[in-house]
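What's in final_27.txt: compact mmCIF, C-alpha atoms
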# COMPACT_ATOMS: atom_id res chain seq x y z
CA MET U 1 -45.60 -22.82 34.86
CA ARG U 2 -45.33 -23.31 31.15
CA ILE U 3 -41.63 -22.68 31.24
CA ILE U 4 -41.13 -25.08 34.13
CA LEU U 5 -43.04 -27.75 32.27
CA ASN U 6 -40.87 -27.30 29.18
CA THR U 7 -37.71 -27.40 31.24
CA ARG U 8 -38.88 -30.69 32.76
CA LEU U 9 -39.58 -32.06 29.31
CA SER U 10 -36.17 -30.90 28.11
CA SER U 11 -34.50 -32.60 31.04
CA LEU U 12 -36.42 -35.75 30.24
CA SER U 13 -35.34 -35.57 26.59
CA LEU U 14 -31.76 -34.98 27.63
CA ARG U 15 -31.88 -37.96 29.99
CA LEU U 16 -33.16 -40.10 27.13
CA ILE U 17 -30.70 -38.85 24.55
CA MET U 18 -27.51 -38.44 26.58
CA PRO U 19 -26.85 -42.17 27.09
CA TRP U 20 -27.03 -42.66 23.32
CA PHE U 21 -24.75 -39.70 22.75
CA VAL U 22 -22.22 -40.93 25.32
CA ALA U 23 -22.33 -44.44 23.84
CA SER U 24 -21.75 -43.07 20.34
CA PHE U 25 -18.85 -40.96 21.56
CA LEU U 26 -17.26 -43.89 23.40
CA LEU U 27 -17.64 -46.10 20.35
CA ALA U 28 -15.98 -43.51 18.13
CA PHE U 29 -13.19 -42.97 20.67
CA SER U 30 -12.66 -46.71 21.03
CA VAL U 31 -12.32 -47.22 17.26
CA ALA U 32 -9.95 -44.28 16.92
CA SER U 33 -7.75 -45.26 19.86
CA HIS U 34 -7.21 -48.76 18.50
CA GLY U 35 -6.09 -47.39 15.14
CA LYS U 36 -8.58 -49.56 13.31
CA LEU U 37 -9.56 -48.90 9.77
CA ILE U 38 -11.85 -46.16 8.66
CA ASP U 39 -13.88 -48.00 6.09
CA ASP U 40 -14.50 -45.19 3.67
CA ASP U 41 -10.81 -44.56 3.13
CA LYS U 42 -9.67 -45.14 -0.42
CA ILE U 43 -7.00 -47.47 0.88
CA LEU U 44 -8.26 -49.66 3.72
CA LEU U 45 -5.66 -50.23 6.44
CA ALA U 46 -5.56 -52.09 9.73
CA HIS U 47 -2.75 -52.66 12.19
CA THR U 48 -2.34 -55.64 14.45
CA SER U 49 0.02 -56.75 17.18
CA HIS U 50 0.10 -60.24 15.60
CA ASP U 51 3.46 -61.09 14.04
CA PHE U 52 3.76 -61.18 10.25
CA ASP U 53 3.39 -64.93 9.76
CA THR U 54 0.35 -65.14 12.03
CA THR U 55 -1.25 -62.20 10.21
CA LEU U 56 -0.59 -63.76 6.80
CA ALA U 57 -2.13 -67.02 8.00
CA MET U 58 -5.12 -65.12 9.41
CA VAL U 59 -5.66 -63.25 6.14
CA LYS U 60 -5.54 -66.50 4.16
CA LYS U 61 -7.98 -68.13 6.57
CA GLN U 62 -10.41 -65.22 6.31
CA LEU U 63 -10.20 -65.16 2.50
CA VAL U 64 -10.98 -68.86 2.27
CA ALA U 65 -13.82 -68.46 4.77
CA LYS U 66 -15.40 -65.95 2.40
CA ASN U 67 -15.02 -68.30 -0.57
CA TYR U 68 -12.19 -66.39 -2.20
CA LYS U 69 -9.47 -68.46 -3.81
CA ILE U 70 -5.87 -67.50 -3.22
CA ALA U 71 -4.14 -67.29 -6.60
CA HIS U 72 -0.62 -66.71 -5.34
CA VAL U 73 1.53 -64.76 -2.90
CA GLN U 74 4.08 -62.29 -4.20
CA HIS U 75 7.16 -62.03 -1.97
CA CYS U 76 8.19 -58.45 -2.75
CA ASP U 77 10.56 -58.57 0.24
CA ASN U 78 12.55 -61.47 -1.23
CA GLY U 79 12.89 -59.73 -4.59
CA LEU U 80 14.16 -56.55 -2.96
CA LYS U 81 16.57 -58.46 -0.70
CA LYS U 82 18.02 -60.34 -3.66
CA MET U 83 18.75 -56.97 -5.25
CA GLY U 84 20.59 -55.83 -2.12
CA TYR U 85 17.92 -53.72 -0.44
CA GLU U 86 17.27 -54.02 3.30
CA VAL U 87 13.55 -54.47 3.81
CA ASP U 88 11.23 -55.96 6.37
CA LYS U 89 8.59 -58.54 5.46
CA TYR U 90 6.36 -57.27 2.64
CA GLN U 91 4.07 -59.64 0.74
CA VAL U 92 1.01 -59.37 -1.46
CA VAL U 93 -1.73 -62.02 -1.57
CA PHE U 94 -3.65 -62.24 -4.88
CA PHE U 95 -7.17 -63.60 -4.58
CA GLY U 96 -10.59 -63.66 -6.18
CA ARG U 97 -13.60 -65.70 -7.23
CA ILE U 98 -13.32 -66.98 -10.77
CA ASP U 99 -16.94 -66.24 -11.72
CA GLU U 100 -16.64 -62.64 -10.54
CA VAL U 101 -13.29 -62.13 -12.24
CA ARG U 102 -14.74 -63.45 -15.50
CA GLU U 103 -17.81 -61.24 -15.19
CA LEU U 104 -15.65 -58.17 -14.65
CA THR U 105 -13.19 -58.85 -17.45
CA THR U 106 -16.06 -59.57 -19.85
CA LYS U 107 -18.08 -56.45 -19.00
CA HIS U 108 -15.26 -54.11 -18.02
CA ALA U 109 -11.92 -55.18 -19.45
CA GLU U 110 -10.49 -51.87 -18.23
CA LEU U 111 -10.55 -53.28 -14.69
CA ALA U 112 -8.13 -56.09 -15.62
CA PRO U 113 -5.10 -54.44 -13.93
CA PHE U 114 -6.96 -54.67 -10.59
CA LEU U 115 -7.64 -58.39 -10.97
CA PRO U 116 -7.23 -60.64 -9.13
CA PHE U 117 -7.69 -58.49 -6.01
CA LYS U 118 -4.62 -57.88 -3.88
CA ILE U 119 -4.17 -57.64 -0.14
CA LEU U 120 -0.90 -56.36 1.25
CA ILE U 121 0.70 -57.51 4.50
CA TYR U 122 3.81 -55.79 5.80
CA VAL U 123 5.74 -55.05 8.95
CA GLU U 124 5.56 -51.47 10.15
CA GLY U 125 7.56 -50.84 13.31
CA ASP U 126 6.39 -53.25 16.00
CA LYS U 127 3.05 -53.85 14.25
CA THR U 128 1.91 -55.75 11.21
CA ALA U 129 -0.15 -53.80 8.71
CA ILE U 130 -2.83 -55.19 6.40
CA SER U 131 -3.96 -53.05 3.53
CA ILE U 132 -6.21 -53.29 0.50
CA MET U 133 -7.62 -50.89 -2.04
CA ASN U 134 -11.23 -49.96 -1.36
CA PRO U 135 -13.05 -51.45 -4.38
CA GLU U 136 -15.66 -48.70 -4.15
CA ILE U 137 -13.19 -46.27 -5.72
CA LEU U 138 -13.75 -48.13 -8.98
CA LYS U 139 -17.50 -47.46 -8.94
CA PRO U 140 -17.37 -44.06 -10.63
CA ILE U 141 -14.87 -45.30 -13.17
CA VAL U 142 -17.02 -48.13 -14.51
CA ALA U 143 -20.31 -46.28 -13.89
CA ASP U 144 -22.25 -49.55 -14.02
CA GLU U 145 -25.33 -49.57 -11.81
CA ALA U 146 -25.51 -53.37 -12.04
CA LEU U 147 -22.12 -53.60 -10.34
CA VAL U 148 -22.80 -51.16 -7.50
CA ALA U 149 -24.03 -53.88 -5.17
CA LYS U 150 -20.99 -56.01 -6.04
CA PHE U 151 -18.55 -53.24 -5.19
CA GLU U 152 -20.34 -52.69 -1.90
CA GLN U 153 -20.27 -56.41 -1.12
CA TRP U 154 -16.54 -56.64 -1.87
CA LYS U 155 -15.86 -53.65 0.32
CA HIS U 156 -17.90 -55.21 3.11
CA ASP U 157 -15.92 -58.44 2.71
CA PHE U 158 -12.58 -56.64 2.71
CA VAL U 159 -13.37 -54.57 5.80
CA ASP U 160 -14.45 -57.75 7.55
CA ILE U 161 -11.29 -59.60 6.47
CA LEU U 162 -9.10 -56.77 7.77
CA GLU U 163 -10.96 -56.57 11.06
CA GLN U 164 -11.06 -60.32 11.65
CA SER U 165 -7.41 -60.79 10.63
CA SER U 166 -6.21 -58.02 12.90
CA THR U 167 -8.26 -58.88 15.97
CA SER U 168 -8.92 -62.64 15.97
CA SER U 169 -6.59 -65.46 16.86
CA LEU U 170 -5.72 -68.47 14.72
CA MET D 1 -42.48 -24.35 22.28
CA ARG D 2 -42.22 -27.85 23.65
CA ILE D 3 -41.90 -29.28 20.16
CA ARG D 4 -39.27 -26.69 19.26
CA ILE D 5 -37.08 -27.58 22.25
CA ASP D 6 -37.33 -31.31 21.56
CA ARG D 7 -36.47 -30.78 17.91
CA LEU D 8 -33.54 -28.58 18.91
CA LEU D 9 -32.20 -31.29 21.21
CA ILE D 10 -32.53 -34.00 18.59
CA THR D 11 -30.90 -31.82 15.95
CA THR D 12 -28.06 -31.01 18.34
CA PHE D 13 -27.63 -34.70 19.07
CA VAL D 14 -27.44 -35.63 15.38
CA VAL D 15 -24.96 -32.81 14.66
CA LEU D 16 -22.75 -33.81 17.59
CA VAL D 17 -22.75 -37.49 16.63
CA ASN D 18 -21.77 -36.57 13.09
CA LEU D 19 -19.02 -34.31 14.37
CA PHE D 20 -17.51 -37.04 16.52
CA ILE D 21 -18.03 -39.86 14.02
CA PRO D 22 -17.44 -38.04 10.75
CA ASN D 23 -17.26 -41.19 8.65
CA ALA D 24 -20.06 -43.15 10.25
CA PHE D 25 -22.75 -42.33 7.75
CA SER D 26 -20.79 -41.46 4.67
CA ALA D 27 -19.37 -43.36 1.73
CA ILE D 28 -16.84 -42.51 -0.94
CA PRO D 29 -18.41 -39.76 -3.00
CA ILE D 30 -18.97 -40.64 -6.61
CA GLU D 31 -16.92 -38.19 -8.62
CA LYS D 32 -18.46 -37.51 -11.96
CA ASN D 33 -16.09 -37.55 -14.93
CA ALA D 34 -13.40 -39.03 -12.70
CA GLU D 35 -10.05 -39.59 -14.35
CA PRO D 36 -9.72 -43.28 -15.28
CA PHE D 37 -7.40 -45.41 -13.19
CA THR D 38 -6.52 -47.54 -16.20
CA LEU D 39 -5.69 -46.84 -19.82
CA SER D 40 -6.15 -49.15 -22.77
CA VAL D 41 -5.19 -49.26 -26.39
CA ASP D 42 -6.09 -51.59 -29.25
CA SER D 43 -3.03 -53.44 -30.49
CA PRO D 44 -2.41 -53.50 -34.24
CA TYR D 45 -0.76 -56.91 -33.76
CA ASN D 46 -2.13 -60.36 -32.96
CA PHE D 47 -2.07 -61.70 -29.39
CA ASP D 48 1.28 -63.52 -29.52
CA GLU D 49 3.06 -60.70 -31.36
CA THR D 50 1.65 -58.14 -28.89
CA VAL D 51 2.85 -60.17 -25.90
CA LYS D 52 6.32 -60.51 -27.43
CA ARG D 53 6.54 -56.80 -28.16
CA VAL D 54 5.43 -55.84 -24.64
CA GLN D 55 8.00 -58.18 -23.06
CA GLU D 56 10.78 -56.76 -25.22
CA ALA D 57 9.76 -53.15 -24.57
CA VAL D 58 9.64 -53.71 -20.81
CA ILE D 59 13.17 -55.13 -20.79
CA SER D 60 14.53 -52.39 -23.03
CA ASN D 61 13.13 -49.84 -20.57
CA ASP D 62 15.34 -51.24 -17.81
CA PHE D 63 12.72 -53.27 -15.94
CA ARG D 64 13.07 -56.83 -14.72
CA VAL D 65 10.33 -59.10 -16.02
CA PHE D 66 8.68 -61.64 -13.72
CA PRO D 67 7.33 -64.89 -15.17
CA ASP D 68 4.09 -64.11 -17.01
CA ARG D 69 0.84 -65.17 -15.39
CA TYR D 70 -2.54 -65.72 -16.93
CA LEU D 71 -5.06 -63.39 -15.33
CA GLU D 72 -7.15 -66.34 -14.10
CA GLN D 73 -4.17 -68.46 -13.06
CA GLY D 74 -4.54 -69.89 -9.58
CA LEU D 75 -8.25 -69.05 -9.43
CA THR D 76 -9.37 -72.06 -11.45
CA ASP D 77 -7.91 -75.33 -12.70
CA ASP D 78 -5.16 -75.16 -15.33
CA PHE D 79 -7.44 -76.54 -18.06
CA SER D 80 -10.07 -73.81 -17.60
CA VAL D 81 -7.73 -70.82 -17.55
CA ASN D 82 -8.29 -68.31 -20.33
CA GLU D 83 -4.90 -68.28 -22.05
CA ARG D 84 -5.80 -65.19 -24.07
CA GLN D 85 -5.60 -63.00 -20.96
CA LEU D 86 -1.95 -62.61 -20.04
CA VAL D 87 -0.41 -60.37 -17.38
CA ILE D 88 3.16 -59.22 -18.07
CA ARG D 89 4.58 -58.25 -14.69
CA PHE D 90 7.72 -56.24 -14.19
CA CYS D 91 9.65 -54.26 -11.62
CA HIS D 92 12.52 -51.82 -11.24
CA PHE D 93 13.66 -52.65 -7.74
CA GLY D 94 15.51 -49.36 -7.23
CA LYS D 95 12.40 -47.37 -8.05
CA LEU D 96 10.23 -49.71 -5.99
CA TYR D 97 12.47 -49.37 -2.93
CA LYS D 98 12.40 -45.57 -3.20
CA ALA D 99 8.62 -45.50 -3.70
CA LEU D 100 7.94 -47.78 -0.72
CA LYS D 101 9.94 -45.44 1.51
CA ILE D 102 7.53 -42.69 0.48
CA GLU D 103 4.33 -44.76 0.57
CA PRO D 104 4.41 -48.18 2.28
CA ARG D 105 0.83 -49.00 1.21
CA LEU D 106 1.86 -48.96 -2.44
CA GLY D 107 1.84 -52.76 -2.47
CA VAL D 108 -1.94 -52.72 -2.94
CA VAL D 109 -1.31 -51.84 -6.60
CA LEU D 110 1.96 -53.74 -7.16
CA PRO D 111 3.62 -54.98 -9.24
CA CYS D 112 3.88 -52.93 -12.42
CA LYS D 113 2.01 -54.84 -15.07
CA ILE D 114 0.54 -54.70 -18.54
CA THR D 115 -2.41 -56.93 -19.33
CA VAL D 116 -2.90 -58.24 -22.85
CA LEU D 117 -6.42 -59.47 -23.63
CA GLU D 118 -7.79 -60.99 -26.80
CA GLU D 119 -11.49 -60.35 -27.32
CA GLU D 120 -13.90 -62.77 -28.98
CA ASP D 121 -13.57 -60.98 -32.34
CA GLY D 122 -9.79 -61.36 -32.21
CA GLN D 123 -9.07 -57.73 -31.32
CA VAL D 124 -6.20 -57.47 -28.87
CA GLN D 125 -6.28 -54.91 -26.09
CA ILE D 126 -3.36 -53.65 -24.04
CA ILE D 127 -4.46 -52.40 -20.60
CA TYR D 128 -2.31 -50.73 -17.96
CA ILE D 129 -2.68 -48.47 -14.94
CA ASN D 130 -2.88 -44.70 -15.12
CA ALA D 131 -0.14 -44.22 -12.52
CA GLU D 132 -0.73 -40.52 -11.91
CA ALA D 133 -4.48 -40.91 -11.39
CA LEU D 134 -4.02 -43.95 -9.18
CA ALA D 135 -1.40 -42.19 -7.05
CA ASN D 136 -4.09 -39.75 -5.91
CA VAL D 137 -5.92 -42.44 -3.95
CA PHE D 138 -3.01 -42.58 -1.50
CA ASP D 139 -3.44 -38.91 -0.53
CA ASN D 140 0.35 -38.62 -0.33
CA LYS D 141 1.73 -35.53 -2.06
CA HIS D 142 5.27 -36.93 -1.93
CA LEU D 143 4.23 -39.71 -4.30
CA ALA D 144 3.52 -37.39 -7.23
CA THR D 145 7.06 -37.33 -8.65
CA GLU D 146 7.41 -41.11 -8.48
CA ALA D 147 4.00 -41.57 -10.09
CA GLN D 148 4.91 -39.20 -12.90
CA GLY D 149 8.10 -41.20 -13.51
CA ILE D 150 6.19 -44.49 -13.66
CA ALA D 151 3.58 -42.96 -15.98
CA GLU D 152 6.39 -41.89 -18.33
CA ASN D 153 7.83 -45.43 -18.19
CA TYR D 154 4.47 -46.90 -19.20
CA SER D 155 4.16 -44.35 -21.99
CA ASP D 156 7.66 -45.18 -23.32
CA ILE D 157 6.90 -48.91 -23.20
CA LEU D 158 3.61 -48.44 -25.07
CA ASP D 159 5.28 -46.24 -27.68
CA GLU D 160 7.76 -49.00 -28.33
CA VAL D 161 5.10 -51.70 -28.50
CA LEU D 162 2.97 -49.78 -30.98
CA LEU D 163 5.87 -48.59 -33.13
Please express the file's structure as structure tokens.
Amino acid sequence: MRIILNTRLSSLSLRLIMPWFVASFLLAFSVASHGKLIDDDKILLAHTSHDFDTTLAMVKKQLVAKNYKIAHVQHCDNGLKKMGYEVDKYQVVFFGRIDEVRELTTKHAELAPFLPFKILIYVEGDKTAISIMNPEILKPIVADEALVAKFEQWKHDFVDILEQSSTSSL
Amino acid sequence: MRIRIDRLLITTFVVLVNLFIPNAFSAIPIEKNAEPFTLSVDSPYNFDETVKRVQEAVISNDFRVFPDRYLEQGLTDDFSVNERQLVIRFCHFGKLYKALKIEPRLGVVLPCKITVLEEEDGQVQIIYINAEALANVFDNKHLATEAQGIAENYSDILDEVLL
């Protein structure tokens, strides 16, 4: 009797838990099958079926929406082509918020080579790739508790920019 | 017994979820004593002389120099830009082409650059990437040789600047 009761309770628990488990599994499978970014990678990367120009426009739109200013766009592809190399589209967008850049260079001049931030857009096969360095990798280097929340916020922004740019339409 | 079975089920559930979504609840581990991604050196010269020496050393090491940019340029109006923070950008297109074939995501740290900053007390700092340490973030073992080459280039340039 006791065993039967426990078995019933176990079945009840299983019935309660299984939908959550299945949902979690489907979510994980869905993310993996779409090749979307894994947001604790050191280099964040997303692929999209948008063409290069649309993706670049999307990235710019998302950056502006998050109050980042675009400093300039480096056309690495043009430079390489001028030197005789055959390359597909490959451009880097430099961006940042002036107050944050000033705060970082004042407190941690050693971060200067990473400023302004850079987001890379390039053609890879029949997809367009968007990539950016995960700012959280700089956390242990500066070891500044006051900046931890900033690094996390930037990472959150960058993940969002990659996701929105690769999935939304103009 | 009842409690034990329920706990077992919940534990199993948590373990399974973590197995199938390995990154869902984790973040980049903080490595203590991590190797720095950038290197810096105090310049024995004033700001203008340091900039001139870096530009000359970059060219003499077979790199093409892009127009210099102030670090804040484009982020604020031209009158507010700190002109004592200059980025000297350069590239060796042959090396870049070869490196991109190995690691297409390399653009997230491009181009090669040396930043010259003047602090409030007038001390001038030269800051540049630690190419070998930074290469590790790409988790691409084929990049090691290229990174070592770039690190040697930076070292040669700095030697020339500080001569």
Pairwise distance for atom CA of Glu49 of chain D and atom CA of Asp77 of chain D, rounded to one decimal in Å: 26.1 Å
Distance criterion (all atoms listed in the file): nearest to Asp121 of chain D out of D:Phe90, D:Asn46, D:Asp159, D:Leu100: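 Residue with the minimum atom-to-atom distance to Asp121 of chain D: D:Asn46.
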Within 7 Å of file point (-17.6, -53.0, -8.5), counting only C-alpha atoms, expressed as a list of chain:residue names: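 Output of the proximity query reads U:Pro135, U:Glu136, U:Leu138, U:Lys139, U:Leu147, U:Val148, U:Lys150, U:Phe151.
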With C-alpha atoms retained, could you export that selection as a short mmCIF file (atom, residue, chain, number, x, y, z; two decimals), in the frame of the given file?
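Just written: again_12.cif:
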data_model
loop_
_atom_site.label_atom_id
_atom_site.label_comp_id
_atom_site.auth_asym_id
_atom_site.auth_seq_id
_atom_site.Cartn_x
_atom_site.Cartn_y
_atom_site.Cartn_z
CA PRO U 135 -13.05 -51.45 -4.38
CA GLU U 136 -15.66 -48.70 -4.15
CA LEU U 138 -13.75 -48.13 -8.98
CA LYS U 139 -17.50 -47.46 -8.94
CA LEU U 147 -22.12 -53.60 -10.34
CA VAL U 148 -22.80 -51.16 -7.50
CA LYS U 150 -20.99 -56.01 -6.04
CA PHE U 151 -18.55 -53.24 -5.19
#
Per residue of segment 40-137 of chain D within 7 Å of segment 84-104 of chain U, record the nearest atom pair and its distance in Å to one decimal, counting all atoms listed in the file, with rows in chain order and ascending residue number, as a Markdown table.
| residue | atom | partner | partner_atom | distance |
| --- | --- | --- | --- | --- |
| D:Leu75 | CA | U:Ile98 | CA | 5.6 |
| D:Thr76 | CA | U:Ile98 | CA | 6.5 |
| D:Gly107 | CA | U:Val92 | CA | 6.7 |
Asp126 of chain U surroundings by all atoms listed in the file, 10 Å radius, close-in-sequence under 5 positions cut, as a list in words: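 Near Asp126 of chain U, the qualifying residues are His47, Thr48, Ser49, His50 and Asp51 of chain U.
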6 Å contact set for Ile129 of chain D, all atoms listed in the file, chain neighbours under 5 positions out, as a ChimeraX atom specification: /D:37-39
Counting all atoms listed in the file, the option among U:Ala71, U:Ile43, U:Val64, U:Cys76 closest to Phe93 of chain D: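 Counting all atoms listed in the file, the residue closest to Phe93 of chain D is U:Cys76.
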Closest of D:Asp78, D:Asp62, D:Glu35, D:Asp156 to Val137 of chain D - atom-to-atom distances counting only C-alpha atoms: D:Glu35
List every protein, DNA or RNA residue with an atom no more than 12 Å from (6.1, -55.7, 3.4) in the file's coordinates, counting all atoms listed in the file, and format the result as a PDB file with C-alpha atoms, in the coordinates of the input.
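Okay, selection.pdb is ready:
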ATOM      1  CA  PHE U  52       3.760 -61.180  10.250  1.00  0.00           C
ATOM      2  CA  ASP U  53       3.390 -64.930   9.760  1.00  0.00           C
ATOM      3  CA  THR U  55      -1.250 -62.200  10.210  1.00  0.00           C
ATOM      4  CA  LEU U  56      -0.590 -63.760   6.800  1.00  0.00           C
ATOM      5  CA  VAL U  73       1.530 -64.760  -2.900  1.00  0.00           C
ATOM      6  CA  GLN U  74       4.080 -62.290  -4.200  1.00  0.00           C
ATOM      7  CA  HIS U  75       7.160 -62.030  -1.970  1.00  0.00           C
ATOM      8  CA  CYS U  76       8.190 -58.450  -2.750  1.00  0.00           C
ATOM      9  CA  ASP U  77      10.560 -58.570   0.240  1.00  0.00           C
ATOM     10  CA  ASN U  78      12.550 -61.470  -1.230  1.00  0.00           C
ATOM     11  CA  GLY U  79      12.890 -59.730  -4.590  1.00  0.00           C
ATOM     12  CA  LEU U  80      14.160 -56.550  -2.960  1.00  0.00           C
ATOM     13  CA  LYS U  81      16.570 -58.460  -0.700  1.00  0.00           C
ATOM     14  CA  GLU U  86      17.270 -54.020   3.300  1.00  0.00           C
ATOM     15  CA  VAL U  87      13.550 -54.470   3.810  1.00  0.00           C
ATOM     16  CA  ASP U  88      11.230 -55.960   6.370  1.00  0.00           C
ATOM     17  CA  LYS U  89       8.590 -58.540   5.460  1.00  0.00           C
ATOM     18  CA  TYR U  90       6.360 -57.270   2.640  1.00  0.00           C
ATOM     19  CA  GLN U  91       4.070 -59.640   0.740  1.00  0.00           C
ATOM     20  CA  VAL U  92       1.010 -59.370  -1.460  1.00  0.00           C
ATOM     21  CA  VAL U  93      -1.730 -62.020  -1.570  1.00  0.00           C
ATOM     22  CA  ILE U 119      -4.170 -57.640  -0.140  1.00  0.00           C
ATOM     23  CA  LEU U 120      -0.900 -56.360   1.250  1.00  0.00           C
ATOM     24  CA  ILE U 121       0.700 -57.510   4.500  1.00  0.00           C
ATOM     25  CA  TYR U 122       3.810 -55.790   5.800  1.00  0.00           C
ATOM     26  CA  VAL U 123       5.740 -55.050   8.950  1.00  0.00           C
ATOM     27  CA  GLU U 124       5.560 -51.470  10.150  1.00  0.00           C
ATOM     28  CA  GLY U 125       7.560 -50.840  13.310  1.00  0.00           C
ATOM     29  CA  LYS U 127       3.050 -53.850  14.250  1.00  0.00           C
ATOM     30  CA  THR U 128       1.910 -55.750  11.210  1.00  0.00           C
ATOM     31  CA  ALA U 129      -0.150 -53.800   8.710  1.00  0.00           C
ATOM     32  CA  ILE U 130      -2.830 -55.190   6.400  1.00  0.00           C
ATOM     33  CA  SER U 131      -3.960 -53.050   3.530  1.00  0.00           C
TER      34      SER U 131
ATOM     35  CA  LEU D  96      10.230 -49.710  -5.990  1.00  0.00           C
ATOM     36  CA  TYR D  97      12.470 -49.370  -2.930  1.00  0.00           C
ATOM     37  CA  LEU D 100       7.940 -47.780  -0.720  1.00  0.00           C
ATOM     38  CA  LYS D 101       9.940 -45.440   1.510  1.00  0.00           C
ATOM     39  CA  GLU D 103       4.330 -44.760   0.570  1.00  0.00           C
ATOM     40  CA  PRO D 104       4.410 -48.180   2.280  1.00  0.00           C
ATOM     41  CA  ARG D 105       0.830 -49.000   1.210  1.00  0.00           C
ATOM     42  CA  LEU D 106       1.860 -48.960  -2.440  1.00  0.00           C
ATOM     43  CA  GLY D 107       1.840 -52.760  -2.470  1.00  0.00           C
ATOM     44  CA  VAL D 108      -1.940 -52.720  -2.940  1.00  0.00           C
ATOM     45  CA  LEU D 110       1.960 -53.740  -7.160  1.00  0.00           C
TER      46      LEU D 110
END
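The gap separating atom CA of Val109 of chain D from atom CA of Val58 of chain D is 18.0 Å, in Å to one decimal.
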Selected residue, from D:Val65, D:Ile127, D:Leu163, D:Ala133, that lies nearest to Tyr45 of chain D when counting only C-alpha atoms: D:Leu163
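Atom pair atom CA of Pro44 of chain D / atom CA of Lys113 of chain D has a distance of 19.7 Å (rounded to one decimal).
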Closest of D:Thr115, D:Leu86, D:Glu56, D:Asp42 to chain U - atom-to-atom distances counting all atoms listed in the file: D:Thr115
Shell of 10 Å around Gly149 of chain D, all atoms listed in the file, local chain residues under 6 positions omitted, as a PyMOL selection string: chain D and resi 95+131-132+155
Starting from the sparse input, extend segment 143-156 of chain D to N, CA and C atoms and give the output as a short mmCIF file (atom, residue, chain, number, x, y, z; two decimals), in the coordinates of the input.
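The result, written out as rebuild-v6.cif:
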data_model
loop_
_atom_site.label_atom_id
_atom_site.label_comp_id
_atom_site.auth_asym_id
_atom_site.auth_seq_id
_atom_site.Cartn_x
_atom_site.Cartn_y
_atom_site.Cartn_z
N LEU D 143 4.24 -38.61 -3.33
CA LEU D 143 4.23 -39.71 -4.30
C LEU D 143 4.13 -39.20 -5.75
N ALA D 144 3.81 -37.94 -5.89
CA ALA D 144 3.52 -37.39 -7.23
C ALA D 144 4.69 -37.56 -8.20
N THR D 145 5.90 -37.26 -7.76
CA THR D 145 7.06 -37.33 -8.65
C THR D 145 7.30 -38.77 -9.11
N GLU D 146 7.19 -39.70 -8.14
CA GLU D 146 7.41 -41.11 -8.48
C GLU D 146 6.34 -41.58 -9.47
N ALA D 147 5.10 -41.16 -9.22
CA ALA D 147 4.00 -41.57 -10.09
C ALA D 147 4.19 -41.03 -11.51
N GLN D 148 4.67 -39.80 -11.60
CA GLN D 148 4.91 -39.20 -12.90
C GLN D 148 5.99 -40.00 -13.65
N GLY D 149 7.02 -40.41 -12.92
CA GLY D 149 8.10 -41.20 -13.51
C GLY D 149 7.58 -42.53 -14.05
N ILE D 150 6.75 -43.19 -13.25
CA ILE D 150 6.19 -44.49 -13.66
C ILE D 150 5.27 -44.31 -14.88
N ALA D 151 4.48 -43.23 -14.85
CA ALA D 151 3.58 -42.96 -15.98
C ALA D 151 4.40 -42.77 -17.26
N GLU D 152 5.53 -42.09 -17.16
CA GLU D 152 6.39 -41.89 -18.33
C GLU D 152 6.97 -43.23 -18.80
N ASN D 153 7.33 -44.09 -17.83
CA ASN D 153 7.83 -45.43 -18.19
C ASN D 153 6.79 -46.20 -18.99
N TYR D 154 5.55 -46.20 -18.50
CA TYR D 154 4.47 -46.90 -19.20
C TYR D 154 4.29 -46.32 -20.61
N SER D 155 4.35 -45.00 -20.70
CA SER D 155 4.16 -44.35 -21.99
C SER D 155 5.28 -44.75 -22.96
N ASP D 156 6.52 -44.79 -22.47
CA ASP D 156 7.66 -45.18 -23.32
C ASP D 156 7.50 -46.63 -23.79
#
